[in-house]
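Colleague: There's a structure below that I have some questions on.
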There are 2 protein chains.
Amino acid sequence: MNAVPKAPEPQLTRSVEDYLKSVFHLTNQGGFATTSDIAAMLEVAPPSVSGMMKRLSETGLIEHVPYRGVQLTPQGRRAALQMIRRHRILESYLTSKLNYDWGDVHDEAERLEHAVSEKLIERMADALGEPRYDPHGAPIPTAAGEIEETELATLADTEVGASVILREVGDEHPDRLHYLAEQGLTPGVRLTVVDRQPFNGPTIVRLNEGMTRVVGQELALLLLCRPVGSDGE
Amino acid sequence: MNAVPKAPEPQLTRSVEDYLKSVFHLTNQGGFATTSDIAAMLEVAPPSVSGMMKRLSETGLIEHVPYRGVQLTPQGRRAALQMIRRHRILESYLTSKLNYDWGDVHDEAERLEHAVSEKLIERMADALGEPRYDPHGAPIPTAAGEIEETELATLADTEVGASVILREVGDEHPDRLHYLAEQGLTPGVRLTVVDRQPFNGPTIVRLNEGMTRVVGQELALLLLCRPVGSDGE
DNA sequence: TTTGATAATTAGGCTAGCCTAATGCCCTGT
DNA sequence: ACAGGGCATTAGGCTAGCCTAATTATCAAA
Ligand SMILES: [Mn+2]
Ligand SMILES: [Mn+2]
Ligand SMILES: [Mn+2]
Ligand SMILES: [Mn+2]
């Protein structure tokens with residue numbers, strides 16, 4: 001018997017990789033990813049999504065329930081997590097080793113993730129000491145495809161009086177990220193919710209160093225926090 | 001008068017970028033790049049080249065003389081040199097900072113060159129101290145688009161008795177590069193041509209440390225050398 | 001239970017890049 | 001001067017991805 005040339009792994013296109021990532025993010029809380037949500041996230045027209053979903057379900061990367069939405073198959077999930085690992089390792093590397101600002105890494109990573117080899121990603125991860133979180137606080141999947149799942153609440157949902165640690169900033173727009181960094185609102189910081197204005201008004205927080213910040217709802221929804229005892233844990 | 005939004009610079013596709021690089025390399029000694037040479041270099045069929053040449057001459061990146069070949073316009077040359085800078089900076093960075101073997105950098109750079117931003121390349125160049133040569137000894141164009149032009153002779157053309165410095169290895173195949181590195185035949189090494197066998201036979205060289213090497217013609221054609229006085233310069 | 005609003009899909013079309021097969025140009029040798 | 005051979009181009013076709021416009025499915029409200 002001859003040597004079987006191992007699994008072909010047909011190698012995905014840039015578009016396919018981005019679609020899989022979108023489906024992953026949209027189904028992360030369970031349920032289906034809808035055509036229009038995917039279209040919005042990727043900034044393409046809904047018929048483009050319908051067409052791609054057809055192809056992806058034929059190749060076994062997603063499960064498509066017509067007029068309902070899609071979910072990843074195990075194979076699709078593996079591919080998505082691999083892309084997310086690449087993206088987050090790249091963001092971490094650019095930030096740590098090439099002096100990138102945390103607001104600017106996302107766009108660069110969004111392109112590079114499709115061009116790097118597995119080998120390069122692992123060299124970067126190694127050079128960084130196998131980081132577990134990216135610069136925005138998001139968990140980095142392992143090379144084996146495992147990802148940490150944590151329950152985090154947005155600052156907008158955190159009740160007045162509570163103390164929290166800001167764990168993750170769920171955004172990728174340079175302007176907002178730059179602003180948040182200026183305000184000292186970066187992952188790891190400890191916050192106490194002092195007040196919140198009604199009608200979706202701003203949340204007022206006190207930083208550990210005593211300064212207060214007024215955070216509008218748009219931003220408060222992006223700040224993902226873990227509750228903490230008033231003594232610091 | 002309103003602000004003119006500056007030159008659009010329509011941003012080139014991956015294919016276009018690779019075609020421009022090919023034309024640059026094939027016309028580097030002057031003359032035209034032929035359809036079949038480009039096709040061979042890019043591993044595509046000749047009609048694909050004809051089609052692309054038509055498009056590139058319409059967009060002003062090349063000058064096409066039908067049935068003769070093509071040359072780069074100044075604009076095409078600028079774009080090609082930018083890609084070559086990216087490629088060589090990437091090769092240098094991967095080698096210096098991520099422990100890549102000089103035989104393995106080329107393929108990685110060939111993909112990354114189309115995905116990196118100008119900013120990332122300049123950060124890498126900066127981190128390396130603005131290197132002037134890539135790991136294979138090829139000159140790196142400046143950010144302004146200037147490239148060093150040096151007359152180098154292949155080892156196969158170097159006469160018996162001559163002393164040379166190996167300046168550049170004009171190859172990109174991992175196997176050959178690994179072999180040459182094993183033999184100590186890397187840029188910067190000093191060689192004396194001891195003998196050459198007839199009928200395109202091997203060249204025998206002595207390294208500075210006294211060892212001799214027998215270099216077949218296929219490899220000797222890849223070793224680009226600068227003559228040197230017998231005293232070392 | 002019918003009706004609309006909304007979302008999804010289908011229909012049809014476009015460009016970039018590639019291919020093979022057919023045809024055309026150019027040059028060299030006779 | 002012209003016949004071939006070899007190279008280049010044209011003709012025609014394919015896939016991936018995108019688009020807009022038209023159609024169809026779903027679901028909630030009347
Ligand atoms: Mn990101
Ligand atoms: Mn991407
Ligand atoms: Mn190279
Ligand atoms: Mn390339």
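By order of appearance in the structure tokens: chains A, B, ..., then residues from 1 within every chain, and ligands from 1 in the order shown.
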Taking only C-alpha atoms (C1' of nucleotides) and all ligand atoms into account, which residues have an atom no farther than 12 Å from ligand 4? I'd like them as a PyMOL selection string.

Modeller: (chain A and resi 115) or (chain B and resi 13-22+41-42+80+83-88+90+106-116)

Colleague: So which bits of range 120-214 of chain A end up helix (DSSP H, G or I) when you DSSP the backbone, as a ChimeraX atom specification?

Modeller: /A:120-128,155-157,174-182

Colleague: Let's have the selection written as a PDB file, in the first residue's frame, with N, CA, C and O atoms.

Modeller:
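Done, and the output landed in selection-v2.pdb:
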```pdb
ATOM      1  N   LEU A 120       5.072  30.952  10.957  1.00  0.00           N
ATOM      2  CA  LEU A 120       5.361  32.319  11.383  1.00  0.00           C
ATOM      3  C   LEU A 120       4.565  32.677  12.634  1.00  0.00           C
ATOM      4  O   LEU A 120       5.094  33.286  13.569  1.00  0.00           O
ATOM      5  N   ILE A 121       3.297  32.290  12.653  1.00  0.00           N
ATOM      6  CA  ILE A 121       2.490  32.581  13.838  1.00  0.00           C
ATOM      7  C   ILE A 121       3.109  31.942  15.086  1.00  0.00           C
ATOM      8  O   ILE A 121       3.207  32.579  16.139  1.00  0.00           O
ATOM      9  N   GLU A 122       3.549  30.706  14.951  1.00  0.00           N
ATOM     10  CA  GLU A 122       4.114  30.047  16.134  1.00  0.00           C
ATOM     11  C   GLU A 122       5.445  30.668  16.544  1.00  0.00           C
ATOM     12  O   GLU A 122       5.751  30.762  17.735  1.00  0.00           O
ATOM     13  N   ARG A 123       6.198  31.164  15.564  1.00  0.00           N
ATOM     14  CA  ARG A 123       7.443  31.871  15.935  1.00  0.00           C
ATOM     15  C   ARG A 123       7.114  33.152  16.696  1.00  0.00           C
ATOM     16  O   ARG A 123       7.785  33.525  17.656  1.00  0.00           O
ATOM     17  N   MET A 124       6.089  33.839  16.238  1.00  0.00           N
ATOM     18  CA  MET A 124       5.702  35.078  16.935  1.00  0.00           C
ATOM     19  C   MET A 124       5.187  34.762  18.333  1.00  0.00           C
ATOM     20  O   MET A 124       5.565  35.414  19.305  1.00  0.00           O
ATOM     21  N   ALA A 125       4.335  33.756  18.416  1.00  0.00           N
ATOM     22  CA  ALA A 125       3.793  33.383  19.727  1.00  0.00           C
ATOM     23  C   ALA A 125       4.924  33.032  20.671  1.00  0.00           C
ATOM     24  O   ALA A 125       4.937  33.419  21.843  1.00  0.00           O
ATOM     25  N   ASP A 126       5.898  32.311  20.138  1.00  0.00           N
ATOM     26  CA  ASP A 126       7.037  31.901  20.935  1.00  0.00           C
ATOM     27  C   ASP A 126       7.827  33.122  21.407  1.00  0.00           C
ATOM     28  O   ASP A 126       8.189  33.249  22.577  1.00  0.00           O
ATOM     29  N   ALA A 127       8.084  34.040  20.483  1.00  0.00           N
ATOM     30  CA  ALA A 127       8.836  35.250  20.833  1.00  0.00           C
ATOM     31  C   ALA A 127       8.119  36.062  21.911  1.00  0.00           C
ATOM     32  O   ALA A 127       8.736  36.793  22.682  1.00  0.00           O
ATOM     33  N   LEU A 128       6.803  35.925  21.958  1.00  0.00           N
ATOM     34  CA  LEU A 128       6.015  36.685  22.937  1.00  0.00           C
ATOM     35  C   LEU A 128       5.823  35.901  24.236  1.00  0.00           C
ATOM     36  O   LEU A 128       5.261  36.433  25.195  1.00  0.00           O
ATOM     37  N   LEU A 155     -19.877  47.380  30.836  1.00  0.00           N
ATOM     38  CA  LEU A 155     -19.932  48.416  31.866  1.00  0.00           C
ATOM     39  C   LEU A 155     -21.329  49.025  31.919  1.00  0.00           C
ATOM     40  O   LEU A 155     -21.808  49.408  32.997  1.00  0.00           O
ATOM     41  N   ALA A 156     -21.990  49.082  30.781  1.00  0.00           N
ATOM     42  CA  ALA A 156     -23.337  49.650  30.741  1.00  0.00           C
ATOM     43  C   ALA A 156     -24.323  48.826  31.567  1.00  0.00           C
ATOM     44  O   ALA A 156     -25.344  49.343  32.025  1.00  0.00           O
ATOM     45  N   ASP A 157     -24.020  47.553  31.760  1.00  0.00           N
ATOM     46  CA  ASP A 157     -24.903  46.676  32.530  1.00  0.00           C
ATOM     47  C   ASP A 157     -24.481  46.537  33.990  1.00  0.00           C
ATOM     48  O   ASP A 157     -25.122  45.818  34.752  1.00  0.00           O
ATOM     49  N   PRO A 174     -10.000  52.464  15.441  1.00  0.00           N
ATOM     50  CA  PRO A 174      -8.867  53.229  15.951  1.00  0.00           C
ATOM     51  C   PRO A 174      -9.288  54.434  16.790  1.00  0.00           C
ATOM     52  O   PRO A 174      -8.752  54.645  17.882  1.00  0.00           O
ATOM     53  N   ASP A 175     -10.247  55.209  16.322  1.00  0.00           N
ATOM     54  CA  ASP A 175     -10.590  56.443  17.026  1.00  0.00           C
ATOM     55  C   ASP A 175     -11.073  56.155  18.441  1.00  0.00           C
ATOM     56  O   ASP A 175     -10.632  56.778  19.407  1.00  0.00           O
ATOM     57  N   ARG A 176     -12.000  55.232  18.543  1.00  0.00           N
ATOM     58  CA  ARG A 176     -12.530  54.928  19.884  1.00  0.00           C
ATOM     59  C   ARG A 176     -11.442  54.344  20.778  1.00  0.00           C
ATOM     60  O   ARG A 176     -11.360  54.673  21.961  1.00  0.00           O
ATOM     61  N   LEU A 177     -10.617  53.483  20.203  1.00  0.00           N
ATOM     62  CA  LEU A 177      -9.567  52.864  21.023  1.00  0.00           C
ATOM     63  C   LEU A 177      -8.552  53.900  21.502  1.00  0.00           C
ATOM     64  O   LEU A 177      -8.113  53.871  22.650  1.00  0.00           O
ATOM     65  N   HIS A 178      -8.206  54.821  20.630  1.00  0.00           N
ATOM     66  CA  HIS A 178      -7.277  55.868  21.046  1.00  0.00           C
ATOM     67  C   HIS A 178      -7.868  56.683  22.183  1.00  0.00           C
ATOM     68  O   HIS A 178      -7.199  56.985  23.177  1.00  0.00           O
ATOM     69  N   TYR A 179      -9.137  57.009  22.035  1.00  0.00           N
ATOM     70  CA  TYR A 179      -9.799  57.798  23.076  1.00  0.00           C
ATOM     71  C   TYR A 179      -9.815  57.049  24.397  1.00  0.00           C
ATOM     72  O   TYR A 179      -9.477  57.597  25.454  1.00  0.00           O
ATOM     73  N   LEU A 180     -10.186  55.782  24.325  1.00  0.00           N
ATOM     74  CA  LEU A 180     -10.254  54.998  25.562  1.00  0.00           C
ATOM     75  C   LEU A 180      -8.884  54.898  26.238  1.00  0.00           C
ATOM     76  O   LEU A 180      -8.780  54.982  27.463  1.00  0.00           O
ATOM     77  N   ALA A 181      -7.857  54.733  25.436  1.00  0.00           N
ATOM     78  CA  ALA A 181      -6.516  54.656  26.020  1.00  0.00           C
ATOM     79  C   ALA A 181      -6.156  55.968  26.715  1.00  0.00           C
ATOM     80  O   ALA A 181      -5.601  55.973  27.817  1.00  0.00           O
ATOM     81  N   GLU A 182      -6.509  57.080  26.084  1.00  0.00           N
ATOM     82  CA  GLU A 182      -6.285  58.398  26.707  1.00  0.00           C
ATOM     83  C   GLU A 182      -6.959  58.501  28.059  1.00  0.00           C
ATOM     84  O   GLU A 182      -6.456  59.110  28.992  1.00  0.00           O
TER      85      GLU A 182
END
```

Colleague: Using DSSP on the backbone coordinates, identify all residues within range 160-202 of chain B classified as strand (DSSP E); present the result as a list in words.

Modeller: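 Strand (DSSP E) members of range 160-202 of chain B, listed: Ser163, Val164, Ile165, Leu166, Arg167, Glu168, Val169, Arg190, Leu191, Thr192, Val193, Val194, Asp195 and Arg196 of chain B.
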
Colleague: Put those residues in a file: N, CA, C and O atoms, as a compact mmCIF listing (two decimals), in the first residue's frame.

Modeller:
```
# COMPACT_ATOMS: atom_id res chain seq x y z
N SER B 163 40.78 35.83 -6.94
CA SER B 163 40.19 35.87 -5.60
C SER B 163 38.96 36.76 -5.66
O SER B 163 39.00 37.83 -6.27
N VAL B 164 37.91 36.32 -5.03
CA VAL B 164 36.66 37.09 -5.06
C VAL B 164 36.01 37.08 -3.69
O VAL B 164 36.36 36.28 -2.83
N ILE B 165 35.09 37.98 -3.52
CA ILE B 165 34.20 37.91 -2.36
C ILE B 165 32.82 37.52 -2.87
O ILE B 165 32.32 38.12 -3.83
N LEU B 166 32.26 36.52 -2.25
CA LEU B 166 30.89 36.13 -2.60
C LEU B 166 29.96 37.20 -2.04
O LEU B 166 29.92 37.45 -0.84
N ARG B 167 29.25 37.84 -2.95
CA ARG B 167 28.43 38.98 -2.57
C ARG B 167 26.96 38.64 -2.44
O ARG B 167 26.25 39.21 -1.60
N GLU B 168 26.49 37.79 -3.33
CA GLU B 168 25.06 37.58 -3.41
C GLU B 168 24.79 36.19 -3.97
O GLU B 168 25.52 35.71 -4.83
N VAL B 169 23.74 35.57 -3.45
CA VAL B 169 23.33 34.27 -3.96
C VAL B 169 22.00 34.46 -4.68
O VAL B 169 20.99 34.79 -4.06
N ARG B 190 35.10 34.89 1.47
CA ARG B 190 36.15 35.13 0.46
C ARG B 190 36.56 33.81 -0.16
O ARG B 190 36.73 32.82 0.54
N LEU B 191 36.70 33.82 -1.48
CA LEU B 191 36.98 32.59 -2.22
C LEU B 191 38.15 32.80 -3.18
O LEU B 191 38.29 33.89 -3.75
N THR B 192 38.92 31.77 -3.36
CA THR B 192 39.92 31.78 -4.44
C THR B 192 39.61 30.62 -5.37
O THR B 192 39.39 29.49 -4.92
N VAL B 193 39.56 30.94 -6.66
CA VAL B 193 39.25 29.90 -7.64
C VAL B 193 40.50 29.09 -7.91
O VAL B 193 41.48 29.60 -8.44
N VAL B 194 40.48 27.82 -7.57
CA VAL B 194 41.65 26.97 -7.68
C VAL B 194 41.69 26.27 -9.04
O VAL B 194 42.75 26.11 -9.63
N ASP B 195 40.53 25.89 -9.52
CA ASP B 195 40.51 25.13 -10.77
C ASP B 195 39.10 25.10 -11.31
O ASP B 195 38.14 25.40 -10.60
N ARG B 196 39.03 24.73 -12.58
CA ARG B 196 37.70 24.50 -13.16
C ARG B 196 37.79 23.39 -14.17
O ARG B 196 38.67 23.37 -15.03
```

Colleague: In Å, rounded to a single decimal, give me how far CA of Thr59 in chain B is from CA of Ile38 in chain B.

Modeller: 18.5 Å

Colleague: Check every residue of chain A for an atom within 12 Å of chain D, counting only C-alpha atoms (C1' of nucleotides), and provide those that qualify as an mmCIF file with N, CA and C atoms, in the first residue's frame.

Modeller:
```
data_model
loop_
_atom_site.group_PDB
_atom_site.id
_atom_site.type_symbol
_atom_site.label_atom_id
_atom_site.label_comp_id
_atom_site.auth_asym_id
_atom_site.auth_seq_id
_atom_site.Cartn_x
_atom_site.Cartn_y
_atom_site.Cartn_z
ATOM 1 N N LEU A 12 -8.074 27.725 2.293
ATOM 2 C CA LEU A 12 -9.213 28.612 2.089
ATOM 3 C C LEU A 12 -8.777 29.943 1.508
ATOM 4 N N THR A 13 -9.705 30.593 0.838
ATOM 5 C CA THR A 13 -9.402 31.928 0.316
ATOM 6 C C THR A 13 -9.565 32.960 1.415
ATOM 7 N N ARG A 14 -9.074 34.121 1.124
ATOM 8 C CA ARG A 14 -9.193 35.233 2.046
ATOM 9 C C ARG A 14 -10.647 35.503 2.418
ATOM 10 N N SER A 15 -11.517 35.500 1.404
ATOM 11 C CA SER A 15 -12.926 35.758 1.674
ATOM 12 C C SER A 15 -13.520 34.690 2.579
ATOM 13 N N VAL A 16 -13.270 33.452 2.235
ATOM 14 C CA VAL A 16 -13.815 32.355 3.035
ATOM 15 C C VAL A 16 -13.353 32.475 4.485
ATOM 16 N N GLU A 43 -19.479 43.997 5.477
ATOM 17 C CA GLU A 43 -19.728 45.092 4.542
ATOM 18 C C GLU A 43 -19.860 44.594 3.105
ATOM 19 N N VAL A 44 -20.713 43.576 2.925
ATOM 20 C CA VAL A 44 -21.074 43.122 1.588
ATOM 21 C C VAL A 44 -22.593 43.082 1.525
ATOM 22 N N ALA A 45 -23.139 42.901 0.329
ATOM 23 C CA ALA A 45 -24.586 42.850 0.156
ATOM 24 C C ALA A 45 -25.111 41.474 0.572
ATOM 25 N N PRO A 46 -26.338 41.418 1.086
ATOM 26 C CA PRO A 46 -26.877 40.124 1.525
ATOM 27 C C PRO A 46 -26.824 39.011 0.477
ATOM 28 N N PRO A 47 -27.093 39.293 -0.802
ATOM 29 C CA PRO A 47 -26.998 38.176 -1.757
ATOM 30 C C PRO A 47 -25.594 37.578 -1.846
ATOM 31 N N SER A 48 -24.584 38.393 -1.603
ATOM 32 C CA SER A 48 -23.232 37.838 -1.595
ATOM 33 C C SER A 48 -23.096 36.807 -0.488
ATOM 34 N N VAL A 49 -23.728 37.091 0.638
ATOM 35 C CA VAL A 49 -23.671 36.160 1.765
ATOM 36 C C VAL A 49 -24.425 34.874 1.417
ATOM 37 N N SER A 50 -25.635 35.025 0.869
ATOM 38 C CA SER A 50 -26.385 33.828 0.478
ATOM 39 C C SER A 50 -25.542 32.921 -0.410
ATOM 40 N N GLY A 51 -24.909 33.533 -1.385
ATOM 41 C CA GLY A 51 -24.096 32.746 -2.302
ATOM 42 C C GLY A 51 -22.948 32.049 -1.589
ATOM 43 N N MET A 52 -22.274 32.785 -0.753
ATOM 44 C CA MET A 52 -21.134 32.189 -0.047
ATOM 45 C C MET A 52 -21.599 31.100 0.916
ATOM 46 N N ARG A 55 -21.947 27.915 -0.908
ATOM 47 C CA ARG A 55 -20.664 27.239 -1.176
ATOM 48 C C ARG A 55 -20.078 26.637 0.096
ATOM 49 N N PRO A 66 -31.992 27.158 5.602
ATOM 50 C CA PRO A 66 -32.474 28.267 4.775
ATOM 51 C C PRO A 66 -33.493 29.143 5.512
ATOM 52 N N TYR A 67 -33.353 30.397 5.330
ATOM 53 C CA TYR A 67 -34.219 31.409 5.957
ATOM 54 C C TYR A 67 -34.057 31.460 7.472
ATOM 55 N N ARG A 68 -33.131 30.701 8.027
ATOM 56 C CA ARG A 68 -32.871 30.741 9.462
ATOM 57 C C ARG A 68 -31.513 31.349 9.747
#
```

Colleague: Do you have the CA of Gly137 in chain A-CA of Gly31 in chain A distance handy?

Modeller: 24.4 Å

Colleague: Grab the CA of Thr35 in chain B to C1' of DT28 in chain C distance for me, in Å with one decimal place.

Modeller: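 Straight-line distance from CA of Thr35 in chain B to C1' of DT28 in chain C works out to 20.5 Å.
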
Colleague: From the list A:Leu98, A:Ile89, A:Leu72, A:Leu56, which residue is nearest chain B when using only C-alpha atoms?

Modeller: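 Among the listed residues, A:Leu98 lies closest to chain B.
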
Colleague: Identify every residue of chain C that has at least one atom within 9 Å of any atom of chain B, counting only C-alpha atoms (C1' of nucleotides), and report the result as an MDAnalysis selection string.

Modeller: chainID C and resid 17:19 25:26

Colleague: Taking only C-alpha atoms into account, which of A:Asp134, A:Glu218, A:Asp171, A:Glu118 comes nearest chain B?

Modeller: A:Glu118

Colleague: Which one is closest to Ile204 in chain B: B:Leu94, B:Val160, B:Ala40, B:Ile140? Count only C-alpha atoms.

Modeller: B:Val160
